[in-house]
$ cat final-v2.cif   # mmCIF, C-alpha atoms
data_protein
#
loop_
_atom_site.label_atom_id
_atom_site.label_comp_id
_atom_site.auth_asym_id
_atom_site.auth_seq_id
_atom_site.Cartn_x
_atom_site.Cartn_y
_atom_site.Cartn_z
CA MET V 52 -34.69 -13.06 53.90
CA ALA V 53 -35.86 -15.83 51.63
CA ALA V 54 -38.37 -13.90 49.58
CA LEU V 55 -36.10 -10.90 49.07
CA ASP V 56 -33.20 -13.09 47.93
CA PHE V 57 -35.55 -14.83 45.53
CA LEU V 58 -36.70 -11.51 44.12
CA LYS V 59 -33.15 -10.67 43.12
CA THR V 60 -33.53 -13.29 40.39
CA ALA V 61 -37.06 -12.31 39.41
CA GLU V 62 -38.03 -9.96 36.61
CA LEU V 63 -39.12 -6.54 37.84
CA LEU V 64 -42.25 -5.49 36.00
CA LYS V 65 -43.20 -2.28 37.72
CA GLN V 66 -42.12 -0.03 40.52
CA GLY V 67 -44.80 2.07 42.12
CA ALA V 68 -44.83 4.32 45.14
CA GLU V 69 -46.32 1.56 47.23
CA ALA V 70 -44.93 -1.67 45.87
CA ARG V 71 -42.74 -3.41 43.32
CA VAL V 72 -44.24 -6.04 41.07
CA TYR V 73 -42.15 -8.95 39.80
CA ARG V 74 -42.69 -11.98 37.61
CA ALA V 75 -41.16 -15.33 38.43
CA GLU V 76 -41.71 -19.07 38.47
CA PHE V 77 -42.91 -20.28 41.85
CA LEU V 78 -43.69 -23.92 42.65
CA GLY V 79 -43.72 -24.52 38.93
CA LYS V 80 -46.30 -21.85 38.16
CA PRO V 81 -45.93 -18.45 36.49
CA THR V 82 -46.29 -16.07 39.41
CA ILE V 83 -46.55 -12.38 40.12
CA VAL V 84 -44.90 -11.23 43.32
CA LYS V 85 -46.02 -7.97 44.84
CA GLU V 86 -43.51 -6.60 47.32
CA ARG V 87 -44.53 -3.78 49.61
CA PHE V 88 -41.09 -2.50 50.42
CA PRO V 89 -40.34 -0.51 53.61
CA LYS V 90 -40.91 3.22 53.36
CA ARG V 91 -38.04 4.95 55.05
CA TYR V 92 -39.84 8.26 55.21
CA ARG V 93 -42.27 6.77 57.68
CA HIS V 94 -41.72 6.03 61.32
CA PRO V 95 -40.74 2.34 61.36
CA THR V 96 -43.44 1.16 63.74
CA LEU V 97 -46.09 2.98 61.77
CA ASP V 98 -44.69 1.71 58.49
CA GLU V 99 -44.83 -1.88 59.69
CA LYS V 100 -48.41 -1.54 60.88
CA LEU V 101 -49.62 0.19 57.73
CA THR V 102 -47.84 -2.15 55.37
CA HIS V 103 -49.08 -5.20 57.19
CA ARG V 104 -52.61 -3.89 57.18
CA ARG V 105 -52.54 -3.11 53.46
CA THR V 106 -51.17 -6.57 52.70
CA THR V 107 -53.87 -8.33 54.68
CA GLN V 108 -56.62 -6.14 53.24
CA GLU V 109 -55.45 -6.92 49.73
CA VAL V 110 -55.45 -10.62 50.38
CA ARG V 111 -58.83 -10.61 52.13
CA SER V 112 -60.44 -8.64 49.31
CA ILE V 113 -59.15 -11.08 46.71
CA LEU V 114 -60.49 -14.06 48.59
CA ARG V 115 -63.81 -12.34 49.20
CA CYS V 116 -64.18 -11.59 45.51
CA ARG V 117 -63.37 -15.14 44.52
CA ARG V 118 -65.87 -16.53 46.97
CA ALA V 119 -68.51 -14.42 45.28
CA GLY V 120 -67.57 -15.74 41.86
CA ILE V 121 -65.58 -12.69 40.73
CA ARG V 122 -62.40 -13.63 38.93
CA ALA V 123 -59.25 -12.45 40.64
CA PRO V 124 -55.77 -13.99 40.77
CA VAL V 125 -55.24 -16.97 43.06
CA VAL V 126 -53.06 -16.24 46.08
CA TYR V 127 -50.30 -18.84 46.41
CA PHE V 128 -48.35 -17.53 49.39
CA VAL V 129 -48.09 -14.49 51.63
CA ASP V 130 -44.83 -13.63 53.38
CA TYR V 131 -45.74 -11.30 56.21
CA THR V 132 -42.11 -10.66 57.13
CA SER V 133 -41.22 -9.07 53.82
CA HIS V 134 -44.83 -8.18 52.91
CA CYS V 135 -44.74 -10.07 49.64
CA ILE V 136 -47.80 -11.53 48.02
CA PHE V 137 -47.26 -14.40 45.57
CA LEU V 138 -50.15 -14.45 43.11
CA GLU V 139 -51.20 -16.31 40.02
CA GLU V 140 -49.99 -14.66 36.85
CA ILE V 141 -52.91 -14.27 34.48
CA VAL V 142 -51.28 -15.43 31.26
CA GLY V 143 -52.68 -14.92 27.82
CA SER V 144 -54.59 -11.82 28.77
CA SER V 145 -54.75 -8.20 27.77
CA THR V 146 -56.02 -5.23 29.69
CA VAL V 147 -59.46 -3.84 29.02
CA ARG V 148 -57.63 -0.60 28.41
CA ASP V 149 -55.68 -2.05 25.49
CA HIS V 150 -58.78 -3.79 24.24
CA ILE V 151 -60.83 -0.61 24.11
CA ALA V 152 -57.96 1.33 22.56
CA SER V 153 -57.39 -1.19 19.78
CA SER V 154 -61.12 -1.64 19.22
CA GLN V 155 -61.54 2.05 18.71
CA GLN V 156 -58.68 2.15 16.25
CA SER V 157 -59.76 -0.76 14.10
CA ASP V 158 -63.50 0.10 13.97
CA SER V 159 -64.62 -3.22 12.52
CA GLY V 160 -68.07 -3.82 14.01
CA THR V 161 -66.69 -3.18 17.43
CA GLU V 162 -69.48 -0.97 18.64
CA GLN V 163 -71.44 -3.94 19.84
CA ASN V 164 -68.38 -5.62 21.34
CA LEU V 165 -67.55 -2.58 23.40
CA GLN V 166 -71.15 -2.22 24.50
CA GLN V 167 -71.16 -5.82 25.64
CA LEU V 168 -67.88 -5.34 27.44
CA ALA V 169 -69.21 -2.27 29.24
CA GLU V 170 -72.24 -4.27 30.30
CA ARG V 171 -70.11 -7.07 31.68
CA VAL V 172 -67.88 -4.69 33.57
CA GLY V 173 -70.95 -3.07 35.10
CA GLN V 174 -72.20 -6.47 36.16
CA ILE V 175 -68.96 -7.57 37.72
CA LEU V 176 -68.56 -4.32 39.67
CA ALA V 177 -72.13 -4.62 40.90
CA LYS V 178 -71.35 -8.08 42.20
CA MET V 179 -68.18 -6.84 43.86
CA HIS V 180 -69.92 -3.95 45.58
CA ASP V 181 -72.76 -6.23 46.66
CA GLU V 182 -70.04 -8.21 48.47
CA ASP V 183 -69.01 -4.93 50.08
CA VAL V 184 -65.58 -5.03 48.46
CA ILE V 185 -64.24 -1.63 47.47
CA HIS V 186 -61.52 -2.03 44.85
CA GLY V 187 -59.97 1.35 45.45
CA ASP V 188 -58.14 1.66 42.15
CA LEU V 189 -60.64 0.94 39.43
CA THR V 190 -59.12 1.62 36.05
CA THR V 191 -59.26 -0.19 32.75
CA SER V 192 -55.65 -1.22 33.27
CA ASN V 193 -56.71 -3.19 36.32
CA MET V 194 -59.21 -5.30 34.41
CA LEU V 195 -57.94 -8.15 32.28
CA LEU V 196 -59.61 -10.05 29.47
CA ARG V 197 -58.54 -13.64 29.07
CA ARG V 198 -59.60 -16.49 26.80
CA SER V 199 -61.30 -19.00 29.06
CA GLN V 200 -59.79 -22.45 29.31
CA LYS V 201 -63.25 -23.89 29.71
CA ASP V 202 -65.26 -22.67 26.75
CA GLY V 203 -63.18 -20.20 24.74
CA GLU V 204 -65.31 -17.27 25.86
CA SER V 205 -63.42 -14.25 27.13
CA GLU V 206 -63.30 -13.79 30.90
CA LEU V 207 -62.98 -10.59 32.88
CA VAL V 208 -60.42 -10.75 35.66
CA LEU V 209 -59.95 -8.01 38.25
CA ILE V 210 -56.42 -7.35 39.49
CA ASP V 211 -54.47 -5.03 41.78
CA PHE V 212 -56.45 -5.03 45.00
CA GLY V 213 -53.70 -3.06 46.67
CA LEU V 214 -55.95 -0.23 47.78
CA SER V 215 -59.00 -2.31 48.43
CA TYR V 216 -60.97 -2.69 51.63
CA ILE V 217 -64.30 -3.92 52.92
CA SER V 218 -67.13 -1.41 53.29
CA ALA V 219 -70.89 -1.40 53.02
CA LEU V 220 -71.18 2.38 52.68
CA PRO V 221 -72.77 3.66 49.47
CA GLU V 222 -70.38 6.62 49.74
CA ASP V 223 -67.35 4.33 49.39
CA LYS V 224 -68.91 2.47 46.49
CA GLY V 225 -69.85 5.74 44.85
CA VAL V 226 -66.28 6.96 45.15
CA ASP V 227 -65.06 3.65 43.71
CA LEU V 228 -67.20 4.24 40.64
CA TYR V 229 -66.13 7.86 40.46
CA VAL V 230 -62.49 6.80 40.36
CA LEU V 231 -63.34 4.51 37.46
CA GLU V 232 -65.27 7.22 35.68
CA LYS V 233 -62.39 9.67 35.88
CA ALA V 234 -59.88 7.05 34.76
CA PHE V 235 -62.14 5.74 32.03
CA LEU V 236 -63.04 9.06 30.46
CA SER V 237 -59.49 10.41 30.60
CA THR V 238 -57.94 7.26 29.14
CA HIS V 239 -60.51 6.61 26.46
CA PRO V 240 -61.71 9.70 24.61
CA ASN V 241 -65.32 9.94 23.43
CA THR V 242 -66.59 7.10 25.59
CA GLU V 243 -69.19 8.92 27.65
CA GLU V 244 -71.97 6.82 26.19
CA LEU V 245 -70.02 3.62 26.79
CA PHE V 246 -69.53 4.49 30.42
CA GLU V 247 -73.22 5.32 30.75
CA LYS V 248 -73.92 1.81 29.51
CA LEU V 249 -71.58 0.48 32.16
CA LEU V 250 -73.39 2.40 34.89
CA LYS V 251 -76.76 1.29 33.62
CA SER V 252 -75.61 -2.30 33.71
CA TYR V 253 -74.27 -1.76 37.23
CA ALA V 254 -77.58 -0.28 38.38
CA ALA V 255 -79.52 -3.15 36.87
CA SER V 256 -77.29 -5.83 38.40
CA SER V 257 -76.80 -4.53 41.90
CA LYS V 258 -79.38 -4.83 44.60
CA LYS V 259 -78.19 -1.75 46.43
CA SER V 260 -77.39 0.40 43.42
CA SER V 261 -79.77 3.33 43.81
CA ALA V 262 -78.07 4.60 46.96
CA VAL V 263 -74.69 4.15 45.31
CA ILE V 264 -75.61 6.00 42.11
CA LYS V 265 -77.07 8.79 44.21
CA LYS V 266 -73.76 9.09 46.06
CA LEU V 267 -71.89 9.00 42.77
CA ASP V 268 -73.87 12.01 41.58
CA GLU V 269 -73.07 13.78 44.83
CA VAL V 270 -69.38 12.97 44.56
CA ARG V 271 -69.28 14.23 40.99
CA LEU V 272 -70.57 17.54 42.19
CA ARG V 273 -67.97 17.56 44.90
CA GLY V 274 -65.01 16.63 42.69
CA ARG V 275 -61.89 18.70 42.00
CA LYS V 276 -62.24 22.04 40.24
CA ARG V 277 -65.89 22.20 40.94
CA SER V 278 -67.51 25.47 41.77
CA MET V 279 -69.02 25.13 45.22
CA VAL V 280 -71.32 28.04 44.62
CA GLY V 281 -75.02 27.80 45.27
CA MET S 257 -43.47 -41.68 39.68
CA ASP S 258 -42.26 -39.31 42.38
CA HIS S 259 -42.99 -35.65 41.98
CA THR S 260 -40.15 -33.39 43.04
CA GLN S 261 -40.20 -29.61 43.10
CA ASP S 262 -37.47 -27.25 44.24
CA LEU S 263 -38.52 -24.65 46.77
CA GLU S 264 -37.44 -21.48 45.00
CA LEU S 265 -37.53 -19.48 48.21
CA PHE S 266 -35.30 -21.97 50.02
CA PRO S 267 -32.44 -22.81 47.69
CA GLY S 268 -31.15 -26.33 48.03
CA ARG S 269 -34.36 -27.70 49.50
CA ARG S 270 -36.95 -29.63 47.61
CA VAL S 271 -40.26 -31.34 48.16
CA THR S 272 -40.85 -34.90 46.96
CA GLN S 273 -44.29 -36.45 46.90
CA MET S 274 -44.85 -40.19 46.62
CA LEU S 275 -48.25 -41.78 46.23
CA PHE S 276 -49.06 -45.33 47.29
CA LYS S 277 -52.16 -47.45 46.73
CA GLU S 278 -53.18 -50.79 48.21
CA VAL S 279 -51.44 -49.89 51.43
CA LYS S 280 -51.65 -52.65 54.00
CA ASN S 281 -49.85 -51.16 56.96
CA ALA S 282 -51.50 -47.79 57.43
CA THR S 283 -51.97 -48.40 61.14
CA GLU S 284 -48.28 -49.11 61.67
CA LEU S 285 -47.27 -46.15 59.51
CA ARG S 286 -49.53 -43.78 61.36
CA GLN S 287 -48.15 -44.93 64.70
CA SER S 288 -44.57 -44.47 63.48
CA ALA S 289 -45.41 -40.99 62.29
CA VAL S 290 -46.93 -40.09 65.65
CA ASP S 291 -43.78 -41.43 67.34
CA GLY S 292 -41.68 -39.18 65.13
CA GLN S 293 -40.04 -42.12 63.42
CA ILE S 294 -40.78 -41.03 59.88
CA SER S 295 -39.12 -38.08 58.19
CA GLY S 296 -42.14 -37.36 56.09
CA ALA S 297 -45.74 -36.23 56.23
CA LEU S 298 -48.32 -38.94 55.69
CA ILE S 299 -51.35 -37.43 54.03
CA ASN S 300 -54.78 -38.75 53.17
CA PRO S 301 -54.90 -38.51 49.35
CA THR S 302 -58.69 -38.28 49.14
CA MET S 303 -58.36 -34.71 50.40
CA LEU S 304 -55.84 -33.79 47.71
CA VAL S 305 -56.72 -32.29 44.36
CA ASP S 306 -53.30 -31.83 42.82
CA PRO S 307 -49.61 -31.93 43.81
CA LEU S 308 -49.61 -28.10 43.89
CA GLN S 309 -51.83 -28.20 46.96
CA VAL S 310 -49.10 -30.07 48.84
CA LEU S 311 -46.40 -27.74 47.52
CA VAL S 312 -48.22 -24.67 48.79
CA ALA S 313 -48.60 -26.26 52.23
CA ALA S 314 -44.96 -27.38 52.28
CA ASN S 315 -43.62 -24.01 51.17
CA LYS S 316 -45.55 -22.24 53.90
CA ALA S 317 -44.37 -24.79 56.47
CA VAL S 318 -40.71 -24.36 55.54
CA HIS S 319 -41.13 -20.57 55.62
CA LEU S 320 -42.65 -20.65 59.11
CA GLN S 321 -39.99 -23.07 60.29
CA THR S 322 -37.29 -20.75 58.96
CA ILE S 323 -38.66 -17.78 60.89
CA GLY S 324 -39.47 -19.86 63.94
CA LYS S 325 -43.21 -19.32 63.79
CA MET S 326 -44.65 -22.78 63.19
CA LYS S 327 -47.92 -23.48 64.93
CA THR S 328 -47.20 -27.19 65.38
CA ARG S 329 -44.18 -29.04 66.70
CA SER S 330 -42.55 -30.35 63.55
CA LEU S 331 -42.19 -29.47 59.89
CA TYR S 332 -44.25 -32.47 58.87
CA SER S 333 -47.13 -31.80 61.21
CA GLU S 334 -47.01 -28.19 59.99
CA ILE S 335 -47.49 -29.32 56.38
CA ILE S 336 -50.58 -31.26 57.40
CA PHE S 337 -51.86 -28.31 59.43
CA ASN S 338 -51.38 -25.94 56.48
CA LEU S 339 -53.58 -28.11 54.31
CA SER S 340 -56.48 -27.58 56.67
CA PRO S 341 -58.85 -24.62 56.29
CA THR S 342 -59.24 -24.31 60.06
CA ASN S 343 -56.88 -23.45 62.87
CA ASN S 344 -57.69 -26.53 64.89
CA ILE S 345 -54.59 -28.71 64.83
CA SER S 346 -56.15 -32.00 65.91
CA GLU S 347 -58.91 -31.60 63.39
CA ALA S 348 -56.29 -31.05 60.70
CA PHE S 349 -54.57 -34.31 61.62
CA LYS S 350 -57.84 -36.16 61.69
CA ARG S 351 -58.92 -35.01 58.27
CA PHE S 352 -55.66 -34.68 56.37
CA GLY S 353 -53.45 -37.16 58.14
CA ILE S 354 -53.87 -40.85 57.50
CA SER S 355 -56.12 -43.05 59.59
CA ASP S 356 -55.72 -46.70 60.58
CA GLY S 357 -56.99 -48.84 57.77
CA ASP S 358 -56.48 -46.29 54.99
CA GLU S 359 -55.62 -47.95 51.71
CA SER S 360 -53.79 -45.09 50.06
CA VAL S 361 -51.18 -42.72 51.37
CA MET S 362 -49.39 -39.67 50.03
CA VAL S 363 -45.93 -39.34 51.51
CA VAL S 364 -44.33 -35.90 51.45
CA VAL S 365 -40.66 -35.36 52.21
CA VAL S 366 -38.74 -32.10 52.40
CA HIS S 367 -35.08 -32.74 51.73
CA LYS S 368 -31.86 -31.50 50.21
CA LYS S 369 -30.88 -32.33 46.64
CA ASP S 370 -28.60 -35.23 47.48
CA GLU S 371 -30.62 -36.78 50.28
CA VAL S 372 -32.17 -39.47 48.12
CA GLN S 373 -31.47 -42.10 50.76
CA LEU S 374 -34.20 -40.54 52.87
CA LEU S 375 -36.70 -41.25 50.15
CA SER S 376 -35.82 -44.91 49.71
CA ASP S 377 -35.85 -45.39 53.48
CA ILE S 378 -39.42 -44.23 53.64
CA THR S 379 -40.51 -46.06 50.52
CA ALA S 380 -39.22 -49.25 52.10
CA ARG S 381 -41.50 -48.82 55.10
CA VAL S 382 -44.69 -48.53 53.08
CA ASP S 383 -46.35 -51.86 52.31
CA GLY S 384 -48.12 -50.79 49.17
CA ARG S 385 -47.82 -50.16 45.45
CA GLN S 386 -46.29 -46.88 44.37
CA VAL S 387 -48.19 -45.05 41.61
CA PRO S 388 -47.53 -41.78 39.77
CA VAL S 389 -48.30 -38.77 41.93
CA GLU S 390 -50.47 -37.34 39.17
CA ASP S 391 -52.93 -40.18 39.85
CA VAL S 392 -53.95 -38.38 43.02
CA SER S 393 -56.77 -36.68 41.16
CA SER S 394 -58.40 -40.07 40.69
CA LEU S 395 -58.35 -40.57 44.44
CA SER S 396 -59.72 -37.14 45.36
CA ASP S 397 -63.18 -36.84 46.76
CA PRO S 398 -64.35 -33.47 45.36
CA ALA S 399 -67.60 -33.45 47.32
CA LYS S 400 -65.80 -33.99 50.62
CA ILE S 401 -63.19 -31.39 49.73
CA LYS S 402 -65.79 -28.80 48.75
CA LYS S 403 -67.67 -29.40 51.98
CA LEU S 404 -64.63 -29.16 54.21
CA TYR S 405 -63.20 -26.08 52.55
CA LYS S 406 -66.69 -24.58 52.33
CA ILE S 407 -66.51 -23.90 48.62
CA ALA S 408 -69.80 -22.58 47.23
CA PRO S 409 -70.87 -23.41 43.66
CA GLN S 410 -70.52 -19.75 42.61
CA GLU S 411 -66.81 -19.79 43.34
CA GLU S 412 -66.31 -22.47 40.75
CA LYS S 413 -67.06 -19.87 38.13
CA CYS S 414 -63.76 -18.14 38.72
CA GLY S 415 -61.54 -21.15 38.65
CA ASN S 416 -61.22 -24.80 39.41
CA LEU S 417 -61.29 -26.61 42.71
CA LEU S 418 -57.51 -26.43 43.07
CA ASP S 419 -57.59 -22.63 42.80
CA ALA S 420 -60.23 -22.36 45.51
CA VAL S 421 -58.35 -24.69 47.84
CA VAL S 422 -54.93 -23.10 47.33
CA CYS S 423 -56.30 -19.60 47.84
CA ARG S 424 -57.85 -20.57 51.15
CA MET S 425 -54.71 -22.31 52.33
CA ALA S 426 -52.62 -19.25 51.51
CA THR S 427 -54.93 -16.80 53.24
CA LYS S 428 -56.04 -18.83 56.24
CA ASP S 429 -54.26 -16.64 58.79
CA VAL S 430 -56.06 -13.45 57.86
CA MET S 431 -59.57 -14.60 57.20
#
$ encode --input "final-v2.cif" --output "structure tokens"
Amino acid sequence: MAALDFLKTAELLKQGAEARVYRAEFLGKPTIVKERFPKRYRHPTLDEKLTHRRTTQEVRSILRCRRAGIRAPVVYFVDYTSHCIFLEEIVGSSTVRDHIASSQQSDSGTEQNLQQLAERVGQILAKMHDEDVIHGDLTTSNMLLRRSQKDGESELVLIDFGLSYISALPEDKGVDLYVLEKAFLSTHPNTEELFEKLLKSYAASSKKSSAVIKKLDEVRLRGRKRSMVG
Amino acid sequence: MDHTQDLELFPGRRVTQMLFKEVKNATELRQSAVDGQISGALINPTMLVDPLQVLVAANKAVHLQTIGKMKTRSLYSEIIFNLSPTNNISEAFKRFGISDGDESVMVVVVHKKDEVQLLSDITARVDGRQVPVEDVSSLSDPAKIKKLYKIAPQEEKCGNLLDAVVCRMATKDVM
């Protein structure tokens, strides 16, 4: 198959349980190719259906985000036979995770910067949830900061919509935020206040936030290793 | 002048775009294309933002041809269809194909590396002045493009017009 042969010459960046991510040049542009390879432990018919569904959901979520003004990579091509998505490579960017980590280490007036960043992340997630897009894998590694070509300001770009889907339920949005909270607090020590700022910004920016925050509180109580007494 | 790009997924095949202005025989060209006489897609350049837009459409067309799942009858009509945001084939031709009396034409040919004769054959049939393909941005009609692709002002915050157009073209089948 064309895409699979092409991938033999591409640079493998990551191999996950679900997909392999490559970098290559495609139509003259730096491109990321996400290949959802067949899972042999699944029944083939089921595997095909699931993989196809995940691919289409990913692509739909990206387009939906972009339509709402949320930065996400441009989709160049989707090969439904090999379940490969060819996406724009966001060059000249670093993850929010690296940014926070290095900011914390250098401690040169970064308190304000981080606060601002948390605010912006809250805003962008509010917008995403208002569009009823659930990211599904919110972590600081899935948020990129890039110098804008337009005005030199830094832009936040969301990536890896592999587990995303469309839902209006506050429960799903609450869980989305919970996933981020867990990832955030475990990756970045002593950032409880920063995350609070993020949530405050989210609540202020989203029209439907109160139901979502309520669900988030409920989910927190439900989480792993929680005493269900009382 | 020409813009040629190899199709990485289809080794040995490439896409060449040629842009012509002051075209005097659009009617004749269109008729020849309809009759299947021209080995190229004749596209209305006012709907094009950048050569990448054509490449994305051509790549998808060649892919679908390779797996036998084209929606239209030929590779060249498929390229035109892929440019369109809708699934209506005749509408795609109307908007993205050339019309009688058009003064500019973008010719797109999918060929092998050594098939340069194909290109000069087609160039010979166009009664117009060839200009660099990059000039296509001066011919684009952004307002018309935004309207047809239904691009809202808020989307322009996350990228340029080309990004919005390409993304829609690539995801048309699942939206």
$ resolve_selection --input "final-v2.cif" --expression "the PyMOL selection byres ((chain S) within 9 of (chain V))" --output "JSON, numbers by chain"
{"S": [261, 262, 263, 264, 265, 266, 267, 308, 311, 312, 315, 316, 319, 322, 323, 407, 408, 409, 410, 411, 412, 413, 414, 415, 419, 420, 422, 423, 424, 425, 426, 427, 430, 431]}
$ resolve_selection --input "final-v2.cif" --expression "the PyMOL selection byres ((chain S and resi 391-406) around 12)" --output "MDAnalysis selection string"
(chainID V and resid 118) or (chainID S and resid 257:259 273:277 299:310 339:342 347:348 351:352 359:363 386:390 407:412 416:425 428)
$ atom_distance --input "final-v2.cif" --atom1 "CA of Ile83 in chain V" --atom2 "CA of Leu196 in chain V"
17.0 Å
$ resolve_selection --input "final-v2.cif" --expression "the PyMOL selection byres ((chain S and resi 280-295) around 10)" --output "PyMOL selection string"
chain S and resi 277-279+296-299+330-333+353-361+363-367+374-375+377-378+381-385
$ write_last_selection --input "final-v2.cif" --atoms "C-alpha atoms" --output "short mmCIF file (atom, residue, chain, number, x, y, z; two decimals), in the coordinates of the input"
data_model
loop_
_atom_site.label_atom_id
_atom_site.label_comp_id
_atom_site.auth_asym_id
_atom_site.auth_seq_id
_atom_site.Cartn_x
_atom_site.Cartn_y
_atom_site.Cartn_z
CA LYS S 277 -52.16 -47.45 46.73
CA GLU S 278 -53.18 -50.79 48.21
CA VAL S 279 -51.44 -49.89 51.43
CA GLY S 296 -42.14 -37.36 56.09
CA ALA S 297 -45.74 -36.23 56.23
CA LEU S 298 -48.32 -38.94 55.69
CA ILE S 299 -51.35 -37.43 54.03
CA SER S 330 -42.55 -30.35 63.55
CA LEU S 331 -42.19 -29.47 59.89
CA TYR S 332 -44.25 -32.47 58.87
CA SER S 333 -47.13 -31.80 61.21
CA GLY S 353 -53.45 -37.16 58.14
CA ILE S 354 -53.87 -40.85 57.50
CA SER S 355 -56.12 -43.05 59.59
CA ASP S 356 -55.72 -46.70 60.58
CA GLY S 357 -56.99 -48.84 57.77
CA ASP S 358 -56.48 -46.29 54.99
CA GLU S 359 -55.62 -47.95 51.71
CA SER S 360 -53.79 -45.09 50.06
CA VAL S 361 -51.18 -42.72 51.37
CA VAL S 363 -45.93 -39.34 51.51
CA VAL S 364 -44.33 -35.90 51.45
CA VAL S 365 -40.66 -35.36 52.21
CA VAL S 366 -38.74 -32.10 52.40
CA HIS S 367 -35.08 -32.74 51.73
CA LEU S 374 -34.20 -40.54 52.87
CA LEU S 375 -36.70 -41.25 50.15
CA ASP S 377 -35.85 -45.39 53.48
CA ILE S 378 -39.42 -44.23 53.64
CA ARG S 381 -41.50 -48.82 55.10
CA VAL S 382 -44.69 -48.53 53.08
CA ASP S 383 -46.35 -51.86 52.31
CA GLY S 384 -48.12 -50.79 49.17
CA ARG S 385 -47.82 -50.16 45.45
#
$ residues_around --input "final-v2.cif" --residues "Leu220 in chain V" --least-positions-apart "5" --cutoff "9 Å" --atoms "all atoms listed in the file" --output "mmCIF file with C-alpha atoms, in the coordinates of the input"
data_model
loop_
_atom_site.group_PDB
_atom_site.id
_atom_site.type_symbol
_atom_site.label_atom_id
_atom_site.label_comp_id
_atom_site.auth_asym_id
_atom_site.auth_seq_id
_atom_site.Cartn_x
_atom_site.Cartn_y
_atom_site.Cartn_z
ATOM 1 C CA ASP V 183 -69.010 -4.930 50.080
ATOM 2 C CA GLY V 225 -69.850 5.740 44.850
ATOM 3 C CA VAL V 263 -74.690 4.150 45.310
#
$ atom_distance --input "final-v2.cif" --atom1 "CA of Arg269 in chain S" --atom2 "CA of Gln321 in chain S"
13.0 Å
$ atom_distance --input "final-v2.cif" --atom1 "CA of Leu231 in chain V" --atom2 "CA of Phe246 in chain V"
9.4 Å
$ axis_aligned_box --input "final-v2.cif" --around "range 261-271 of chain V" --padding-each-side "3 Å" --output "lines of an AutoDock Vina configuration file"
center_x = -74.5
center_y = 8.8
center_z = 44.0
size_x = 16.5
size_y = 16.9
size_z = 12.0
$ closest_residue --input "final-v2.cif" --among "V:Gly213, V:Ser192, V:Gly173, V:Arg105" --to "Gly67 in chain V" --atoms "only C-alpha atoms"
V:Gly213
$ residues_around --input "final-v2.cif" --residues "Ser257 in chain V" --least-positions-apart "2" --cutoff "10 Å" --atoms "only C-alpha atoms" --output "PyMOL selection string"
chain V and resi 173-181+252-255+259-261+263
$ closest_residue --input "final-v2.cif" --among "V:Lys65, V:Arg271, V:Arg198, V:His134" --to "Pro89 in chain V" --atoms "only C-alpha atoms"
V:His134
$ residues_around --input "final-v2.cif" --residues "Val147 in chain V" --least-positions-apart "5" --cutoff "9 Å" --atoms "all atoms listed in the file" --output "ChimeraX atom specification"
/V:152,168,190-196,207
